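Engineer: Data file model29.pdb (PDB, C-alpha atoms) is appended below.
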```pdb
ATOM      1  CA  MET A   1      55.101 157.814 -39.413
ATOM      2  CA  SER A   2      52.237 157.026 -41.767
ATOM      3  CA  ALA A   3      49.847 156.930 -38.793
ATOM      4  CA  PHE A   4      51.184 160.321 -37.673
ATOM      5  CA  ASN A   5      50.667 161.723 -41.186
ATOM      6  CA  SER A   6      47.113 160.409 -41.213
ATOM      7  CA  ILE A   7      46.412 162.153 -37.931
ATOM      8  CA  MET A   8      47.999 165.398 -39.159
ATOM      9  CA  LYS A   9      45.816 165.375 -42.263
ATOM     10  CA  LEU A  10      42.832 165.783 -39.978
ATOM     11  CA  PHE A  11      44.227 169.150 -38.903
ATOM     12  CA  LEU A  12      45.359 170.411 -42.266
ATOM     13  CA  PRO A  13      43.255 173.228 -43.783
ATOM     14  CA  LYS A  14      40.369 171.867 -45.795
ATOM     15  CA  ASP A  15      39.390 175.317 -46.990
ATOM     16  CA  ARG A  16      41.336 175.096 -50.274
ATOM     17  CA  VAL A  17      38.355 173.385 -51.881
ATOM     18  CA  PHE A  18      36.344 176.597 -51.589
ATOM     19  CA  TYR A  19      38.878 178.587 -53.600
ATOM     20  CA  SER A  20      38.902 175.964 -56.351
ATOM     21  CA  LEU A  21      35.116 175.802 -56.501
ATOM     22  CA  PHE A  22      34.687 179.576 -56.589
ATOM     23  CA  GLU A  23      37.325 179.840 -59.303
ATOM     24  CA  GLU A  24      35.574 177.183 -61.371
ATOM     25  CA  VAL A  25      32.218 178.910 -60.933
ATOM     26  CA  SER A  26      33.692 182.253 -61.988
ATOM     27  CA  VAL A  27      35.188 180.707 -65.133
ATOM     28  CA  THR A  28      31.803 179.195 -65.995
ATOM     29  CA  VAL A  29      30.076 182.563 -65.527
ATOM     30  CA  VAL A  30      32.639 184.208 -67.831
ATOM     31  CA  GLU A  31      31.969 181.544 -70.466
ATOM     32  CA  MET A  32      28.243 182.257 -70.180
ATOM     33  CA  GLY A  33      28.853 185.989 -70.610
ATOM     34  CA  GLN A  34      30.893 185.367 -73.749
ATOM     35  CA  MET A  35      28.178 183.089 -75.127
ATOM     36  CA  LEU A  36      25.552 185.783 -74.471
ATOM     37  CA  LYS A  37      27.620 188.192 -76.581
ATOM     38  CA  LYS A  38      27.528 185.635 -79.388
ATOM     39  CA  VAL A  39      23.751 185.333 -79.050
ATOM     40  CA  VAL A  40      23.137 189.070 -79.498
ATOM     41  CA  ASN A  41      25.452 189.137 -82.513
ATOM     42  CA  GLU A  42      23.874 186.152 -84.243
ATOM     43  CA  PRO A  43      21.159 186.871 -86.869
ATOM     44  CA  SER A  44      20.062 183.231 -87.208
ATOM     45  CA  PHE A  45      17.318 182.079 -84.828
ATOM     46  CA  GLU A  46      18.461 178.458 -85.216
ATOM     47  CA  ILE A  47      22.097 179.176 -84.421
ATOM     48  CA  ARG A  48      20.993 181.289 -81.452
ATOM     49  CA  GLU A  49      19.054 178.254 -80.234
ATOM     50  CA  GLN A  50      22.252 176.203 -80.281
ATOM     51  CA  LEU A  51      24.134 178.916 -78.404
ATOM     52  CA  ILE A  52      21.357 179.237 -75.826
ATOM     53  CA  SER A  53      21.432 175.459 -75.323
ATOM     54  CA  GLN A  54      25.156 175.723 -74.565
ATOM     55  CA  ILE A  55      24.459 178.524 -72.085
ATOM     56  CA  GLU A  56      21.863 176.300 -70.428
ATOM     57  CA  ASP A  57      24.434 173.502 -70.096
ATOM     58  CA  LEU A  58      26.834 175.943 -68.437
ATOM     59  CA  GLU A  59      24.073 177.137 -66.123
ATOM     60  CA  HIS A  60      23.421 173.532 -65.046
ATOM     61  CA  LYS A  61      27.156 173.046 -64.500
ATOM     62  CA  ASN A  62      27.158 176.155 -62.337
ATOM     63  CA  ASP A  63      24.206 174.831 -60.330
ATOM     64  CA  ASP A  64      26.171 171.665 -59.604
ATOM     65  CA  LEU A  65      29.240 173.649 -58.520
ATOM     66  CA  THR A  66      27.116 175.881 -56.295
ATOM     67  CA  HIS A  67      25.583 172.790 -54.701
ATOM     68  CA  LYS A  68      29.109 171.472 -54.026
ATOM     69  CA  ILE A  69      30.004 174.755 -52.292
ATOM     70  CA  PHE A  70      26.965 174.483 -50.027
ATOM     71  CA  THR A  71      27.743 170.813 -49.353
ATOM     72  CA  GLU A  72      31.327 171.651 -48.379
ATOM     73  CA  LEU A  73      30.019 174.460 -46.207
ATOM     74  CA  SER A  74      27.854 172.005 -44.279
ATOM     75  CA  ARG A  75      30.760 169.522 -43.916
ATOM     76  CA  ASN A  76      33.651 171.776 -42.967
ATOM     77  CA  PHE A  77      33.988 173.792 -39.816
ATOM     78  CA  ILE A  78      37.220 175.273 -41.202
ATOM     79  CA  THR A  79      36.508 177.848 -43.929
ATOM     80  CA  PRO A  80      38.778 180.433 -45.595
ATOM     81  CA  PHE A  81      36.435 183.270 -44.632
ATOM     82  CA  ASP A  82      33.078 183.794 -42.920
ATOM     83  CA  ARG A  83      30.510 181.108 -43.663
ATOM     84  CA  GLU A  84      27.970 183.850 -44.319
ATOM     85  CA  ASP A  85      30.259 185.434 -46.922
ATOM     86  CA  ILE A  86      30.792 182.066 -48.609
ATOM     87  CA  HIS A  87      27.037 181.597 -48.809
ATOM     88  CA  TYR A  88      26.429 185.127 -50.121
ATOM     89  CA  LEU A  89      29.204 184.891 -52.719
ATOM     90  CA  ALA A  90      28.008 181.509 -53.990
ATOM     91  CA  SER A  91      24.425 182.791 -54.187
ATOM     92  CA  SER A  92      25.479 185.986 -55.988
ATOM     93  CA  LEU A  93      27.487 184.075 -58.583
ATOM     94  CA  ASP A  94      24.596 181.686 -59.088
ATOM     95  CA  ASP A  95      22.290 184.675 -59.607
ATOM     96  CA  ILE A  96      24.591 186.104 -62.291
ATOM     97  CA  ALA A  97      24.475 182.779 -64.136
ATOM     98  CA  ASP A  98      20.688 182.562 -63.800
ATOM     99  CA  TYR A  99      20.138 186.040 -65.222
ATOM    100  CA  ILE A 100      22.575 185.521 -68.093
ATOM    101  CA  PHE A 101      20.691 182.372 -69.055
ATOM    102  CA  ALA A 102      17.335 184.125 -68.638
ATOM    103  CA  SER A 103      18.502 186.982 -70.891
ATOM    104  CA  ALA A 104      19.572 184.602 -73.644
ATOM    105  CA  LYS A 105      16.500 182.396 -73.329
ATOM    106  CA  LYS A 106      14.033 185.301 -73.514
ATOM    107  CA  ILE A 107      15.594 186.619 -76.724
ATOM    108  CA  ASN A 108      14.483 183.568 -78.676
ATOM    109  CA  PHE A 109      11.410 182.865 -76.552
ATOM    110  CA  TYR A 110       9.996 186.277 -77.490
ATOM    111  CA  ARG A 111      11.457 186.025 -81.010
ATOM    112  CA  VAL A 112      13.002 189.482 -80.885
ATOM    113  CA  ASP A 113      15.865 190.648 -83.076
ATOM    114  CA  PRO A 114      18.758 191.139 -80.645
ATOM    115  CA  MET A 115      21.073 192.691 -83.223
ATOM    116  CA  GLN A 116      20.663 196.270 -82.137
ATOM    117  CA  GLY A 117      23.006 198.548 -80.245
ATOM    118  CA  ASN A 118      21.377 198.435 -76.814
ATOM    119  CA  PHE A 119      21.221 194.632 -76.613
ATOM    120  CA  ARG A 120      24.821 194.364 -77.748
ATOM    121  CA  LYS A 121      26.010 196.990 -75.284
ATOM    122  CA  MET A 122      24.194 195.364 -72.367
ATOM    123  CA  ALA A 123      25.654 191.967 -73.246
ATOM    124  CA  GLU A 124      29.124 193.519 -73.452
ATOM    125  CA  LEU A 125      28.726 195.047 -69.983
ATOM    126  CA  ILE A 126      27.521 191.732 -68.522
ATOM    127  CA  ALA A 127      30.531 189.937 -69.999
ATOM    128  CA  LEU A 128      32.893 192.617 -68.654
ATOM    129  CA  GLY A 129      31.309 192.371 -65.212
ATOM    130  CA  ALA A 130      31.700 188.586 -65.178
ATOM    131  CA  ASP A 131      35.330 188.848 -66.289
ATOM    132  CA  ASN A 132      36.187 191.283 -63.507
ATOM    133  CA  ILE A 133      34.443 189.080 -60.939
ATOM    134  CA  LYS A 134      36.608 186.184 -62.096
ATOM    135  CA  ASN A 135      39.783 188.271 -61.831
ATOM    136  CA  ALA A 136      38.927 189.303 -58.257
ATOM    137  CA  ILE A 137      38.029 185.744 -57.199
ATOM    138  CA  PHE A 138      41.300 184.321 -58.537
ATOM    139  CA  GLU A 139      43.177 186.785 -56.310
ATOM    140  CA  LEU A 140      41.300 185.717 -53.155
ATOM    141  CA  ARG A 141      43.354 182.541 -52.750
ATOM    142  CA  ASN A 142      46.478 184.459 -51.684
ATOM    143  CA  MET A 143      45.270 188.053 -51.288
ATOM    144  CA  LYS A 144      48.725 189.281 -52.306
ATOM    145  CA  ASN A 145      47.630 191.513 -55.174
ATOM    146  CA  MET A 146      45.131 193.695 -53.350
ATOM    147  CA  ARG A 147      45.381 196.411 -55.985
ATOM    148  CA  GLN A 148      44.161 193.967 -58.639
ATOM    149  CA  ILE A 149      41.180 193.007 -56.497
ATOM    150  CA  THR A 150      40.211 196.585 -55.650
ATOM    151  CA  ASP A 151      40.676 197.721 -59.269
ATOM    152  CA  ALA A 152      38.372 194.904 -60.421
ATOM    153  CA  LEU A 153      35.759 195.893 -57.832
ATOM    154  CA  VAL A 154      35.902 199.544 -58.902
ATOM    155  CA  ARG A 155      35.448 198.496 -62.528
ATOM    156  CA  ILE A 156      32.436 196.347 -61.621
ATOM    157  CA  ASN A 157      30.819 199.317 -59.891
ATOM    158  CA  SER A 158      31.468 201.439 -62.968
ATOM    159  CA  ILE A 159      30.045 198.725 -65.235
ATOM    160  CA  GLU A 160      26.860 198.580 -63.166
ATOM    161  CA  ASN A 161      26.467 202.355 -63.447
ATOM    162  CA  GLN A 162      27.004 202.152 -67.213
ATOM    163  CA  ALA A 163      24.382 199.394 -67.408
ATOM    164  CA  ASP A 164      21.869 201.615 -65.574
ATOM    165  CA  ASP A 165      22.501 204.382 -68.115
ATOM    166  CA  GLU A 166      22.303 201.939 -71.019
ATOM    167  CA  PHE A 167      19.017 200.552 -69.681
ATOM    168  CA  ASP A 168      17.533 204.054 -69.484
ATOM    169  CA  SER A 169      18.756 204.798 -73.008
ATOM    170  CA  ALA A 170      17.344 201.511 -74.301
ATOM    171  CA  ILE A 171      13.903 202.178 -72.833
ATOM    172  CA  LEU A 172      13.820 205.756 -74.132
ATOM    173  CA  ASN A 173      14.833 204.524 -77.578
ATOM    174  CA  LEU A 174      12.259 201.745 -77.428
ATOM    175  CA  PHE A 175       9.366 204.096 -76.712
ATOM    176  CA  ALA A 176      10.616 206.574 -79.297
ATOM    177  CA  THR A 177      10.971 204.121 -82.173
ATOM    178  CA  GLU A 178       8.756 201.082 -81.502
ATOM    179  CA  THR A 179       5.080 201.299 -82.448
ATOM    180  CA  ASP A 180       4.070 197.752 -81.541
ATOM    181  CA  ALA A 181       3.133 197.626 -77.823
ATOM    182  CA  ARG A 182       3.871 193.903 -77.686
ATOM    183  CA  GLU A 183       7.419 194.470 -78.893
ATOM    184  CA  ILE A 184       7.894 197.188 -76.271
ATOM    185  CA  ILE A 185       6.776 194.828 -73.505
ATOM    186  CA  LYS A 186       8.968 191.961 -74.713
ATOM    187  CA  LYS A 187      12.113 194.003 -75.264
ATOM    188  CA  ARG A 188      11.689 195.935 -72.031
ATOM    189  CA  GLU A 189      11.566 192.657 -70.105
ATOM    190  CA  ILE A 190      14.774 191.445 -71.739
ATOM    191  CA  PHE A 191      16.550 194.729 -71.011
ATOM    192  CA  THR A 192      15.366 194.505 -67.399
ATOM    193  CA  VAL A 193      16.742 190.983 -66.958
ATOM    194  CA  MET A 194      20.058 192.001 -68.529
ATOM    195  CA  GLU A 195      20.314 195.014 -66.216
ATOM    196  CA  ILE A 196      19.645 192.772 -63.202
ATOM    197  CA  ALA A 197      22.553 190.554 -64.313
ATOM    198  CA  THR A 198      24.884 193.542 -63.882
ATOM    199  CA  ASP A 199      23.294 194.276 -60.489
ATOM    200  CA  LYS A 200      24.167 190.724 -59.443
ATOM    201  CA  CYS A 201      27.776 191.298 -60.517
ATOM    202  CA  GLU A 202      27.837 194.277 -58.172
ATOM    203  CA  ASP A 203      26.320 192.125 -55.389
ATOM    204  CA  ALA A 204      29.156 189.624 -55.818
ATOM    205  CA  ALA A 205      31.678 192.474 -55.811
ATOM    206  CA  ASN A 206      30.233 193.773 -52.538
ATOM    207  CA  VAL A 207      30.734 190.356 -50.916
ATOM    208  CA  ILE A 208      34.321 190.198 -52.169
ATOM    209  CA  GLU A 209      34.916 193.684 -50.765
ATOM    210  CA  SER A 210      33.542 192.545 -47.399
ATOM    211  CA  ILE A 211      35.917 189.564 -47.441
ATOM    212  CA  ILE A 212      39.046 191.575 -48.190
ATOM    213  CA  VAL A 213      38.178 194.213 -45.583
ATOM    214  CA  LYS A 214      37.963 191.470 -42.954
ATOM    215  CA  TYR A 215      40.914 189.319 -43.964
ATOM    216  CA  ALA A 216      43.414 191.295 -46.024
TER     217      ALA A 216
END
```
Starting from the coordinates I provided, produce the structure as structure tokens.
Structural biologist:
Amino acid sequence: MSAFNSIMKLFLPKDRVFYSLFEEVSVTVVEMGQMLKKVVNEPSFEIREQLISQIEDLEHKNDDLTHKIFTELSRNFITPFDREDIHYLASSLDDIADYIFASAKKINFYRVDPMQGNFRKMAELIALGADNIKNAIFELRNMKNMRQITDALVRINSIENQADDEFDSAILNLFATETDAREIIKKREIFTVMEIATDKCEDAANVIESIIVKYA
């Protein structure tokens, strides 16, 4: 019987590992989004440095998880959904993490004061986008609560649109109130990176939408 069980294990689905890895990645991205919110609400440069170091650690953790996904993809011919979708989703989540880290890092690198409305609002939108991505990914394992997935995807699209508007508002405000050209350049770059982070959330949402259209 034990020999039979060993043989049967060869035919059991090995795709469960992908769900676990994607869930772990999504949790890490949410943690990074929450840490970014702390960064833009922290007046102390030194404390921000500590927070940014923690974000960097999470980004490295995410890199390792993403590498595991790609390794499993190369090992397993059985996957829960299209190999292309697995690759795109892993890449999109990795991009979100990269741009969250870049946003936080540039704040202290350029020595700007992040405690203004536009930085805070952008960070809030990034964190909301990451949280909704996580909620959608956790529903992929069973695909029983389709309404929860689709609602999360709709919210992510709305968040991205809000981030576009916030970016435009931030740039208009920057040119209207900032007299130092160097500050304009530095802050504009940070706003741009933060806006791209929300774009990457929408990219991940688009992959999830593709998956549920095919398999739900």
Engineer: Report the residues retrieved by the PyMOL selection byres ((chain A and resi 195) around 9) from the displayed file, expressed as JSON, numbers by chain.
Structural biologist: {"A": [122, 126, 160, 163, 164, 166, 167, 190, 191, 192, 193, 194, 196, 197, 198, 199, 200]}
Engineer: Just the residues within 10 Å of Phe175 (chain A), please, counting all atoms listed in the file, with nothing from its chain fewer than 5 positions along; format it as an mmCIF file with C-alpha atoms, keeping the file's coordinate frame.
Structural biologist:
```cif
data_model
loop_
_atom_site.group_PDB
_atom_site.id
_atom_site.type_symbol
_atom_site.label_atom_id
_atom_site.label_comp_id
_atom_site.auth_asym_id
_atom_site.auth_seq_id
_atom_site.Cartn_x
_atom_site.Cartn_y
_atom_site.Cartn_z
ATOM 1 C CA ALA A 170 17.344 201.511 -74.301
ATOM 2 C CA ASP A 180 4.070 197.752 -81.541
ATOM 3 C CA ALA A 181 3.133 197.626 -77.823
ATOM 4 C CA ILE A 184 7.894 197.188 -76.271
ATOM 5 C CA ARG A 188 11.689 195.935 -72.031
#
```
Engineer: Check the smallest atom-to-atom distance from each of A:Glu59, A:Glu139, A:Glu46, A:Glu84 to Tyr19 (chain A) using all atoms listed in the file, then report the winner.
Structural biologist: A:Glu139
Engineer: So how many Å separate CA of Phe109 (chain A) and CA of Ala130 (chain A), to one decimal?
Structural biologist: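 CA of Ala130 (chain A) lies 24.0 Å from CA of Phe109 (chain A).
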Engineer: Determine the nearest neighbour of Pro43 (chain A) from the options A:Met115, A:Val27, A:Ile86, A:Leu73, counting all atoms listed in the file.
Structural biologist: A:Met115
